[in-house]
>>> print(open('work.cif').read())   # mmCIF, C-alpha atoms
data_data
loop_
_atom_site.label_atom_id
_atom_site.label_comp_id
_atom_site.auth_asym_id
_atom_site.auth_seq_id
_atom_site.Cartn_x
_atom_site.Cartn_y
_atom_site.Cartn_z
CA MET J 1 0.00 0.00 0.00
CA THR J 2 1.23 3.47 -0.95
CA HIS J 3 0.47 6.67 0.96
CA LEU J 4 -0.21 9.42 -1.59
CA PHE J 5 -0.30 13.06 -0.50
CA ILE J 6 -1.97 15.44 -2.96
CA ILE J 7 -1.28 19.06 -2.04
CA ASN J 8 -3.40 21.92 -3.35
CA PRO J 9 -1.40 25.19 -3.01
CA ALA J 10 -4.57 27.21 -3.71
CA ALA J 11 -6.48 25.83 -0.70
CA GLY J 12 -7.08 28.09 2.28
CA SER J 13 -5.80 31.59 2.82
CA ARG J 14 -2.15 30.87 1.89
CA ASN J 15 0.12 28.35 0.18
CA ARG J 16 1.03 25.63 2.72
CA THR J 17 3.01 23.39 0.36
CA ASN J 18 6.33 23.63 2.21
CA GLU J 19 4.63 23.23 5.58
CA TYR J 20 2.87 20.08 4.35
CA LYS J 21 6.08 18.62 2.92
CA GLU J 22 8.01 19.20 6.15
CA LYS J 23 5.34 17.51 8.26
CA ILE J 24 5.02 14.56 5.89
CA GLU J 25 8.78 14.00 5.81
CA SER J 26 9.06 14.25 9.60
CA VAL J 27 6.39 11.58 10.13
CA PHE J 28 7.26 9.18 7.29
CA ALA J 29 11.04 9.47 7.04
CA GLY J 30 12.60 6.35 8.46
CA THR J 31 9.33 4.40 8.74
CA GLY J 32 9.90 2.34 5.60
CA LEU J 33 6.32 3.05 4.50
CA PRO J 34 6.04 3.77 0.77
CA TYR J 35 4.76 7.28 0.14
CA ARG J 36 4.92 10.05 -2.38
CA ILE J 37 3.97 13.71 -2.55
CA GLU J 38 2.26 15.37 -5.52
CA VAL J 39 1.51 19.09 -5.83
CA SER J 40 -1.36 20.32 -7.97
CA GLY J 41 -0.42 22.96 -10.51
CA ALA J 42 -3.86 23.84 -11.88
CA PRO J 43 -7.59 23.21 -11.37
CA GLY J 44 -8.39 19.57 -12.12
CA GLU J 45 -4.87 18.34 -11.31
CA CYS J 46 -5.90 16.82 -7.98
CA ALA J 47 -8.55 14.72 -9.72
CA ARG J 48 -6.12 13.63 -12.43
CA ILE J 49 -3.41 12.58 -9.96
CA ALA J 50 -5.91 10.67 -7.83
CA ARG J 51 -7.47 8.95 -10.84
CA GLU J 52 -4.12 7.80 -12.20
CA ALA J 53 -3.26 6.25 -8.85
CA ALA J 54 -6.65 4.55 -8.63
CA LYS J 55 -6.45 3.19 -12.18
CA SER J 56 -3.17 1.45 -11.36
CA GLY J 57 -5.12 -1.16 -9.41
CA GLU J 58 -2.72 -0.86 -6.48
CA GLU J 59 -3.90 -0.15 -2.94
CA TYR J 60 -3.59 3.54 -2.09
CA ARG J 61 -4.33 5.73 0.89
CA ILE J 62 -4.81 9.24 -0.46
CA TYR J 63 -4.41 12.27 1.79
CA SER J 64 -6.26 15.32 0.50
CA CYS J 65 -4.01 18.19 1.60
CA GLY J 66 -6.36 21.15 1.50
CA GLY J 67 -10.02 21.84 2.19
CA ASP J 68 -13.40 20.75 0.91
CA GLY J 69 -12.71 21.84 -2.67
CA THR J 70 -9.55 19.73 -2.80
CA MET J 71 -11.44 16.78 -1.36
CA ASN J 72 -14.18 17.24 -3.95
CA GLU J 73 -11.66 17.09 -6.79
CA ILE J 74 -10.09 13.92 -5.42
CA ILE J 75 -13.46 12.28 -4.82
CA ASN J 76 -14.36 12.92 -8.46
CA GLY J 77 -11.09 11.28 -9.47
CA ILE J 78 -11.47 8.07 -7.46
CA ALA J 79 -15.22 7.37 -7.47
CA GLY J 80 -15.78 3.76 -8.48
CA PHE J 81 -12.31 2.51 -7.50
CA PRO J 82 -12.50 0.23 -4.43
CA ASN J 83 -8.71 -0.06 -4.16
CA VAL J 84 -8.41 3.50 -2.85
CA SER J 85 -9.25 5.08 0.49
CA VAL J 86 -9.12 8.81 1.21
CA THR J 87 -8.95 11.29 4.06
CA MET J 88 -8.56 15.02 4.58
CA TYR J 89 -5.22 16.24 5.91
CA ALA J 90 -6.86 19.53 6.79
CA GLY J 91 -5.50 22.82 5.55
CA GLY J 92 -8.39 24.61 3.82
CA SER J 93 -10.49 27.52 5.04
CA GLY J 94 -13.63 25.51 5.74
CA ASN J 95 -12.82 21.80 6.22
CA ASP J 96 -16.55 21.29 6.61
CA PHE J 97 -17.02 17.59 5.93
CA ILE J 98 -14.78 16.47 8.80
CA ARG J 99 -16.84 18.48 11.30
CA LEU J 100 -19.09 15.45 11.62
CA PHE J 101 -16.28 13.75 13.56
CA SER J 102 -15.88 14.07 17.32
CA ASP J 103 -12.53 15.91 17.00
CA PRO J 104 -12.07 17.64 13.62
CA GLU J 105 -8.72 19.08 14.74
CA ALA J 106 -7.30 15.54 14.72
CA PHE J 107 -7.23 15.77 10.91
CA ARG J 108 -4.39 18.29 11.24
CA ASP J 109 -2.24 15.72 13.07
CA LEU J 110 -0.63 13.38 10.54
CA SER J 111 0.57 10.90 13.16
CA ARG J 112 -3.05 10.38 14.24
CA LEU J 113 -4.18 9.96 10.65
CA THR J 114 -1.71 7.12 10.09
CA ASP J 115 -3.23 5.21 13.04
CA CYS J 116 -6.68 4.89 11.56
CA LYS J 117 -9.84 3.00 10.82
CA GLU J 118 -12.26 3.26 7.88
CA ALA J 119 -15.91 3.98 7.18
CA GLU J 120 -17.82 3.58 3.92
CA PHE J 121 -19.66 6.77 2.98
CA ASN J 122 -22.23 7.44 0.28
CA LEU J 123 -21.70 9.90 -2.55
CA ILE J 124 -24.19 12.30 -4.09
CA ARG J 125 -24.38 12.15 -7.86
CA CYS J 126 -25.04 15.69 -9.15
CA ASN J 127 -25.50 15.56 -12.93
CA ASP J 128 -22.05 14.36 -14.03
CA GLN J 129 -20.23 15.23 -10.81
CA TYR J 130 -19.90 13.71 -7.35
CA SER J 131 -20.28 15.28 -3.93
CA LEU J 132 -19.33 13.82 -0.57
CA ASN J 133 -20.88 16.48 1.63
CA ILE J 134 -23.67 18.93 0.74
CA CYS J 135 -25.10 20.41 -2.46
CA SER J 136 -27.49 23.32 -2.74
CA VAL J 137 -29.46 25.45 -5.17
CA GLY J 138 -30.83 28.97 -4.77
CA LEU J 139 -29.74 31.68 -2.34
CA ASP J 140 -27.57 29.26 -0.41
CA ALA J 141 -25.71 28.15 -3.53
CA ARG J 142 -25.14 31.74 -4.62
CA ILE J 143 -23.84 32.59 -1.15
CA GLY J 144 -21.62 29.51 -0.90
CA THR J 145 -20.06 29.76 -4.32
CA ASP J 146 -19.38 33.50 -3.89
CA VAL J 147 -17.45 32.90 -0.66
CA ALA J 148 -14.25 32.41 -2.67
CA ASN J 149 -14.47 36.08 -3.65
CA TYR J 150 -14.14 37.12 -0.01
CA LYS J 151 -12.23 34.44 1.92
CA ARG J 152 -8.78 35.66 0.88
CA LEU J 153 -9.47 39.17 2.18
CA PRO J 154 -7.96 40.04 5.59
CA LEU J 155 -10.08 38.78 8.53
CA LEU J 156 -12.68 37.25 6.22
CA SER J 157 -11.90 33.52 6.29
CA GLY J 158 -14.39 30.82 7.29
CA PHE J 159 -17.78 31.98 8.57
CA ARG J 160 -17.05 35.70 8.19
CA ALA J 161 -16.60 35.30 4.43
CA TYR J 162 -19.85 33.32 4.33
CA ALA J 163 -21.67 36.04 6.30
CA ILE J 164 -20.49 38.82 3.98
CA SER J 165 -21.55 36.78 0.94
CA ALA J 166 -24.95 36.17 2.58
CA VAL J 167 -25.61 39.87 3.12
CA ILE J 168 -24.65 40.78 -0.44
CA ASN J 169 -26.76 38.02 -2.00
CA VAL J 170 -29.80 38.83 0.14
CA ILE J 171 -29.63 42.41 -1.13
CA ARG J 172 -29.47 41.12 -4.72
CA GLY J 173 -32.70 39.13 -4.27
CA ILE J 174 -33.78 36.10 -2.27
CA ALA J 175 -36.16 33.71 -4.03
CA ARG J 176 -36.12 31.99 -7.43
CA HIS J 177 -38.71 29.87 -9.24
CA PHE J 178 -37.91 26.14 -9.38
CA VAL J 179 -39.79 22.97 -10.26
CA VAL J 180 -38.82 20.15 -7.88
CA GLU J 181 -39.62 16.50 -8.63
CA ILE J 182 -39.20 14.36 -5.52
CA GLU J 183 -40.75 11.13 -4.21
CA GLY J 184 -43.41 11.12 -6.96
CA GLU J 185 -44.41 14.74 -6.28
CA LYS J 186 -43.94 17.74 -8.58
CA ILE J 187 -43.59 21.00 -6.66
CA ASP J 188 -43.81 24.20 -8.74
CA ASP J 189 -43.04 27.17 -6.49
CA ASP J 190 -40.71 29.98 -5.52
CA PHE J 191 -37.92 28.85 -3.20
CA THR J 192 -35.34 30.67 -1.15
CA MET J 193 -33.01 27.69 -1.23
CA ILE J 194 -32.84 23.93 -1.50
CA SER J 195 -30.14 21.89 0.21
CA VAL J 196 -29.24 18.26 -0.43
CA CYS J 197 -27.31 16.81 2.51
CA ASN J 198 -25.12 13.74 2.80
CA GLY J 199 -22.85 15.30 5.43
CA ARG J 200 -23.75 17.73 8.20
CA TYR J 201 -21.71 20.93 7.95
CA TYR J 202 -20.89 23.44 5.24
CA GLY J 203 -20.43 27.15 4.66
CA GLY J 204 -17.96 27.54 7.50
CA GLY J 205 -20.30 26.21 10.20
CA PHE J 206 -23.83 25.81 8.83
CA ASN J 207 -25.40 22.60 10.17
CA PRO J 208 -28.79 22.37 8.40
CA VAL J 209 -29.64 18.71 9.19
CA PRO J 210 -27.81 17.61 12.36
CA GLU J 211 -29.14 14.07 12.02
CA ALA J 212 -27.83 13.52 8.47
CA ASP J 213 -25.97 10.22 8.14
CA PRO J 214 -23.54 9.85 5.21
CA SER J 215 -23.77 6.06 5.37
CA ASP J 216 -27.56 5.51 5.39
CA GLY J 217 -28.19 5.57 1.62
CA LEU J 218 -30.54 8.57 1.77
CA LEU J 219 -30.27 12.29 1.13
CA ASP J 220 -31.70 14.79 3.60
CA VAL J 221 -33.36 17.51 1.51
CA LEU J 222 -34.55 20.86 2.87
CA LEU J 223 -36.97 22.86 0.70
CA VAL J 224 -37.08 26.45 1.98
CA LYS J 225 -40.00 28.47 0.64
CA LYS J 226 -39.80 32.11 -0.44
CA VAL J 227 -39.17 34.44 2.47
CA SER J 228 -39.05 38.22 2.72
CA ARG J 229 -35.91 40.19 3.51
CA LEU J 230 -37.33 40.79 7.00
CA GLN J 231 -37.73 37.03 7.53
CA ALA J 232 -34.38 36.11 6.00
CA ALA J 233 -32.16 36.67 9.04
CA THR J 234 -34.42 34.59 11.33
CA VAL J 235 -34.89 31.79 8.81
CA VAL J 236 -31.20 31.57 7.86
CA GLY J 237 -30.21 31.68 11.54
CA LYS J 238 -32.43 28.72 12.43
CA TYR J 239 -31.43 26.91 9.27
CA LYS J 240 -27.75 27.40 10.15
CA ASP J 241 -28.25 25.88 13.60
CA GLY J 242 -30.25 22.86 12.37
CA ARG J 243 -33.51 24.17 13.81
CA TYR J 244 -35.54 23.71 10.65
CA LYS J 245 -38.28 21.90 12.62
CA GLU J 246 -39.15 25.25 14.21
CA LEU J 247 -40.19 26.53 10.75
CA PRO J 248 -42.73 23.95 9.51
CA HIS J 249 -44.62 26.60 7.51
CA LEU J 250 -41.46 27.57 5.60
CA VAL J 251 -39.13 24.55 5.56
CA ARG J 252 -39.96 21.03 4.42
CA HIS J 253 -37.65 18.10 5.17
CA ILE J 254 -37.75 15.10 2.82
CA ARG J 255 -35.51 12.04 2.87
CA THR J 256 -35.01 10.51 -0.56
CA ASN J 257 -32.49 8.88 -2.88
CA HIS J 258 -33.32 11.03 -5.91
CA LEU J 259 -34.67 14.46 -6.88
CA LYS J 260 -34.68 16.70 -9.91
CA ILE J 261 -34.72 20.49 -9.99
CA THR J 262 -35.55 22.56 -13.07
CA CYS J 263 -34.63 26.26 -13.07
CA ASP J 264 -36.01 29.03 -15.31
CA GLU J 265 -32.48 29.90 -16.39
CA PRO J 266 -28.95 28.55 -15.84
CA SER J 267 -28.37 28.80 -12.10
CA SER J 268 -25.60 28.37 -9.55
CA ILE J 269 -25.41 24.92 -7.96
CA ASN J 270 -23.09 24.42 -5.02
CA VAL J 271 -21.29 21.06 -5.10
CA ASP J 272 -19.19 20.88 -1.93
CA GLY J 273 -18.34 24.55 -2.37
CA GLU J 274 -17.53 24.18 -6.07
CA LEU J 275 -19.64 25.97 -8.67
CA LEU J 276 -21.76 24.14 -11.24
CA VAL J 277 -24.03 26.17 -13.54
CA ALA J 278 -27.04 24.37 -14.99
CA LYS J 279 -30.71 24.87 -15.85
CA GLU J 280 -31.60 21.33 -14.84
CA VAL J 281 -29.95 19.28 -12.12
CA GLU J 282 -30.53 15.77 -10.77
CA PHE J 283 -29.28 14.58 -7.41
CA SER J 284 -29.15 10.91 -6.48
CA VAL J 285 -27.34 8.52 -4.17
CA SER J 286 -24.50 7.09 -6.25
CA PRO J 287 -23.97 3.32 -6.39
CA HIS J 288 -20.31 4.10 -5.69
CA LYS J 289 -19.17 4.47 -2.09
CA ILE J 290 -16.04 6.07 -0.71
CA ARG J 291 -13.66 4.44 1.77
CA PHE J 292 -12.84 7.23 4.21
CA PHE J 293 -10.14 6.72 6.84
CA TYR J 294 -9.81 8.72 10.04
CA PRO J 295 -8.02 8.63 13.43
CA LYS J 296 -9.17 5.47 15.15
CA ASP J 297 -10.10 7.18 18.43
CA LEU J 298 -12.75 9.39 16.75
CA THR J 299 -16.45 8.78 16.23
CA TRP J 300 -18.82 10.17 13.62
CA GLU J 301 -22.11 8.31 14.14
CA LYS J 302 -24.89 10.77 14.89
CA GLU J 303 -25.79 9.23 18.24
CA LYS J 304 -22.20 9.75 19.46
CA VAL J 305 -21.49 13.25 18.14
CA SER J 306 -22.68 16.41 19.85
CA VAL J 307 -24.35 18.75 17.35
#
>>> encode(input="work.cif", output="structure tokens")
Amino acid sequence: MTHLFIINPAAGSRNRTNEYKEKIESVFAGTGLPYRIEVSGAPGECARIAREAAKSGEEYRIYSCGGDGTMNEIINGIAGFPNVSVTMYAGGSGNDFIRLFSDPEAFRDLSRLTDCKEAEFNLIRCNDQYSLNICSVGLDARIGTDVANYKRLPLLSGFRAYAISAVINVIRGIARHFVVEIEGEKIDDDFTMISVCNGRYYGGGFNPVPEADPSDGLLDVLLVKKVSRLQAATVVGKYKDGRYKELPHLVRHIRTNHLKITCDEPSSINVDGELLVAKEVEFSVSPHKIRFFYPKDLTWEKEKVSV
């Protein structure tokens, strides 16, 4: 088995390539464990490197050295290859997926990551792409995909960048018209946002469905009806904290393995923080699963994690 580290210099607020290399060498030098380090030079490189390793047929443990965007690229490179497992060696600005674990900071400690166990997690199929964590359409997608415009500004990493993006996008307009086909029902309405959850956290700390389970074979979907600007702060605040049940007149929760959304015009779709633009989008539980490894002393099951 080979340990493959894929470093994304563009992840987070600064280039951590040298820092990553020093830590990797300090842990692996002298162990005799086969490993190699690859550095992405352009968008799509992480996926290509991961796919080439997976196609070799050899057993690989891949360490995604970056944040959720880096992980998303790698996931799209290895989906369907059972000879590969993956983890996040955290260094991005959000690192949202790993927040479902009991100690997310452990993913910054390489020695703990090498003493690990595995879980099999579902993937979301979003048109021709894959997502491990959360996808969304509407206001939330516009907010999430605009965060990159703000997160590199001083003092605006993580949730602050998300908050600034939220304010700006609320001013631009809240609701859009969508047609949602889900569980045999066709819903034609104006929506503030629609989220499709496999994981639990995104947007630098939003936790829309605290009970979401990435291994249960179902997607937790929240349909948020049109709200006014006066309602927006209250609704988004409760949505952020996973209190959607307090808004039964505005938020509908549906568990499903497939849904389709049709937009009036090409719209922003958030796929683990990455931007997809489409007029029609289908989400489904992929037949492919991901082997995810993590420090063996952590837990992620919903009944064991405080949310």
>>> axis_aligned_box(input="work.cif", around="stretch 186-199 of chain J", padding_each_side="4 Å", output="lines of an AutoDock Vina configuration file")
center_x = -33.4
center_y = 22.2
center_z = -1.7
size_x = 29.1
size_y = 24.9
size_z = 22.2
>>> closest_residue(input="work.cif", among="J:Val170, J:Val84, J:Leu298, J:Ile24", to="J:Leu110", atoms="only C-alpha atoms")
J:Ile24
>>> resolve_selection(input="work.cif", expression="the PyMOL selection byres ((chain J and resi 195) around 7)", output="ChimeraX atom specification")
/J:135-137,193-194,196-197,221-223
>>> residues_around(input="work.cif", residues="stretch 36-40 of chain J", least_positions_apart="6", cutoff="8 Å", atoms="only C-alpha atoms", output="list in words")
Thr2, His3, Leu4, Phe5, Ile6, Ile7, Asn8, Pro9, Thr17, Lys21, Cys46 and Ile49 of chain J
>>> write_last_selection(input="work.cif", atoms="C-alpha atoms", output="PDB file, in the frame of the given file")
ATOM      1  CA  THR J   2       1.230   3.470  -0.950  1.00  0.00           C
ATOM      2  CA  HIS J   3       0.470   6.670   0.960  1.00  0.00           C
ATOM      3  CA  LEU J   4      -0.210   9.420  -1.590  1.00  0.00           C
ATOM      4  CA  PHE J   5      -0.300  13.060  -0.500  1.00  0.00           C
ATOM      5  CA  ILE J   6      -1.970  15.440  -2.960  1.00  0.00           C
ATOM      6  CA  ILE J   7      -1.280  19.060  -2.040  1.00  0.00           C
ATOM      7  CA  ASN J   8      -3.400  21.920  -3.350  1.00  0.00           C
ATOM      8  CA  PRO J   9      -1.400  25.190  -3.010  1.00  0.00           C
ATOM      9  CA  THR J  17       3.010  23.390   0.360  1.00  0.00           C
ATOM     10  CA  LYS J  21       6.080  18.620   2.920  1.00  0.00           C
ATOM     11  CA  CYS J  46      -5.900  16.820  -7.980  1.00  0.00           C
ATOM     12  CA  ILE J  49      -3.410  12.580  -9.960  1.00  0.00           C
TER      13      ILE J  49
END
>>> closest_residue(input="work.cif", among="J:Ser228, J:Ser64, J:Thr31, J:Asn76", to="J:Arg51", atoms="only C-alpha atoms")
J:Asn76
>>> atom_distance(input="work.cif", atom1="atom CA of J:Val227", atom2="atom CA of J:Ser284")
27.1 Å
>>> closest_residue(input="work.cif", among="J:Ser111, J:Ala10, J:Phe101, J:Asn270", to="J:Phe28", atoms="all atoms listed in the file")
J:Ser111
>>> closest_residue(input="work.cif", among="J:Ser102, J:Asn95, J:Ser13, J:Thr114", to="J:Phe293", atoms="all atoms listed in the file")
J:Thr114
>>> resolve_selection(input="work.cif", expression="the PyMOL selection byres ((chain J and resi 208) around 7)", output="compact mmCIF listing (two decimals) with C-alpha atoms, in the coordinates of the input")
# COMPACT_ATOMS: atom_id res chain seq x y z
CA ARG J 200 -23.75 17.73 8.20
CA PHE J 206 -23.83 25.81 8.83
CA ASN J 207 -25.40 22.60 10.17
CA VAL J 209 -29.64 18.71 9.19
CA PRO J 210 -27.81 17.61 12.36
CA TYR J 239 -31.43 26.91 9.27
CA LYS J 240 -27.75 27.40 10.15
CA ASP J 241 -28.25 25.88 13.60
CA GLY J 242 -30.25 22.86 12.37
>>> atom_distance(input="work.cif", atom1="atom CA of J:Met71", atom2="atom CA of J:Met88")
6.8 Å
>>> resolve_selection(input="work.cif", expression="the PyMOL selection byres ((chain J and resi 107) around 8)", output="mmCIF file with C-alpha atoms, keeping the file's coordinate frame")
data_model
loop_
_atom_site.group_PDB
_atom_site.id
_atom_site.type_symbol
_atom_site.label_atom_id
_atom_site.label_comp_id
_atom_site.auth_asym_id
_atom_site.auth_seq_id
_atom_site.Cartn_x
_atom_site.Cartn_y
_atom_site.Cartn_z
ATOM 1 C CA MET J 88 -8.560 15.020 4.580
ATOM 2 C CA TYR J 89 -5.220 16.240 5.910
ATOM 3 C CA ALA J 90 -6.860 19.530 6.790
ATOM 4 C CA ILE J 98 -14.780 16.470 8.800
ATOM 5 C CA PRO J 104 -12.070 17.640 13.620
ATOM 6 C CA GLU J 105 -8.720 19.080 14.740
ATOM 7 C CA ALA J 106 -7.300 15.540 14.720
ATOM 8 C CA ARG J 108 -4.390 18.290 11.240
ATOM 9 C CA ASP J 109 -2.240 15.720 13.070
ATOM 10 C CA LEU J 110 -0.630 13.380 10.540
ATOM 11 C CA ARG J 112 -3.050 10.380 14.240
ATOM 12 C CA LEU J 113 -4.180 9.960 10.650
ATOM 13 C CA TYR J 294 -9.810 8.720 10.040
ATOM 14 C CA PRO J 295 -8.020 8.630 13.430
#
>>> residues_near_point(input="work.cif", point="(-37.0, 24.0, -14.7)", cutoff="6 Å", atoms="only C-alpha atoms", output="short mmCIF file (atom, residue, chain, number, x, y, z; two decimals) with C-alpha atoms, in the coordinates of the input")
data_model
loop_
_atom_site.label_atom_id
_atom_site.label_comp_id
_atom_site.auth_asym_id
_atom_site.auth_seq_id
_atom_site.Cartn_x
_atom_site.Cartn_y
_atom_site.Cartn_z
CA PHE J 178 -37.91 26.14 -9.38
CA VAL J 179 -39.79 22.97 -10.26
CA THR J 262 -35.55 22.56 -13.07
CA CYS J 263 -34.63 26.26 -13.07
CA ASP J 264 -36.01 29.03 -15.31
#
>>> atom_distance(input="work.cif", atom1="atom CA of J:Ala79", atom2="atom CA of J:Ile290")
6.9 Å
>>> closest_residue(input="work.cif", among="J:Ala47, J:Arg172, J:Glu282, J:Gly138", to="J:Glu265", atoms="all atoms listed in the file")
J:Gly138
>>> residues_around(input="work.cif", residues="J:Ser131", least_positions_apart="6", cutoff="10 Å", atoms="all atoms listed in the file", output="PyMOL selection string")
chain J and resi 71-73+75-76+122-125+197-199+270-274+283+285-286
>>> residues_around(input="work.cif", residues="J:Arg48", least_positions_apart="5", cutoff="9 Å", atoms="all atoms listed in the file", output="PyMOL selection string")
chain J and resi 53+73-74+77
>>> residues_around(input="work.cif", residues="J:Pro248", least_positions_apart="3", cutoff="12 Å", atoms="all atoms listed in the file", output="PDB file with C-alpha atoms, keeping the file's coordinate frame")
ATOM      1  CA  LEU J 222     -34.550  20.860   2.870  1.00  0.00           C
ATOM      2  CA  LEU J 223     -36.970  22.860   0.700  1.00  0.00           C
ATOM      3  CA  VAL J 224     -37.080  26.450   1.980  1.00  0.00           C
ATOM      4  CA  LYS J 225     -40.000  28.470   0.640  1.00  0.00           C
ATOM      5  CA  VAL J 235     -34.890  31.790   8.810  1.00  0.00           C
ATOM      6  CA  LYS J 238     -32.430  28.720  12.430  1.00  0.00           C
ATOM      7  CA  TYR J 239     -31.430  26.910   9.270  1.00  0.00           C
ATOM      8  CA  ARG J 243     -33.510  24.170  13.810  1.00  0.00           C
ATOM      9  CA  TYR J 244     -35.540  23.710  10.650  1.00  0.00           C
ATOM     10  CA  LYS J 245     -38.280  21.900  12.620  1.00  0.00           C
ATOM     11  CA  VAL J 251     -39.130  24.550   5.560  1.00  0.00           C
ATOM     12  CA  ARG J 252     -39.960  21.030   4.420  1.00  0.00           C
ATOM     13  CA  HIS J 253     -37.650  18.100   5.170  1.00  0.00           C
TER      14      HIS J 253
END
>>> closest_residue(input="work.cif", among="J:Glu301, J:Glu22, J:Glu246, J:Glu181", to="J:His258", atoms="all atoms listed in the file")
J:Glu181
>>> residues_near_point(input="work.cif", point="(-29.1, 30.1, -3.7)", cutoff="9 Å", atoms="all atoms listed in the file", output="list of chain:residue names")
J:Ser136, J:Val137, J:Gly138, J:Leu139, J:Asp140, J:Ala141, J:Arg142, J:Ile143, J:Gly144, J:Asn169, J:Ile174, J:Ala175, J:Arg176, J:Phe191, J:Thr192, J:Met193, J:Ile194, J:Ser267, J:Ser268, J:Ile269, J:Asn270
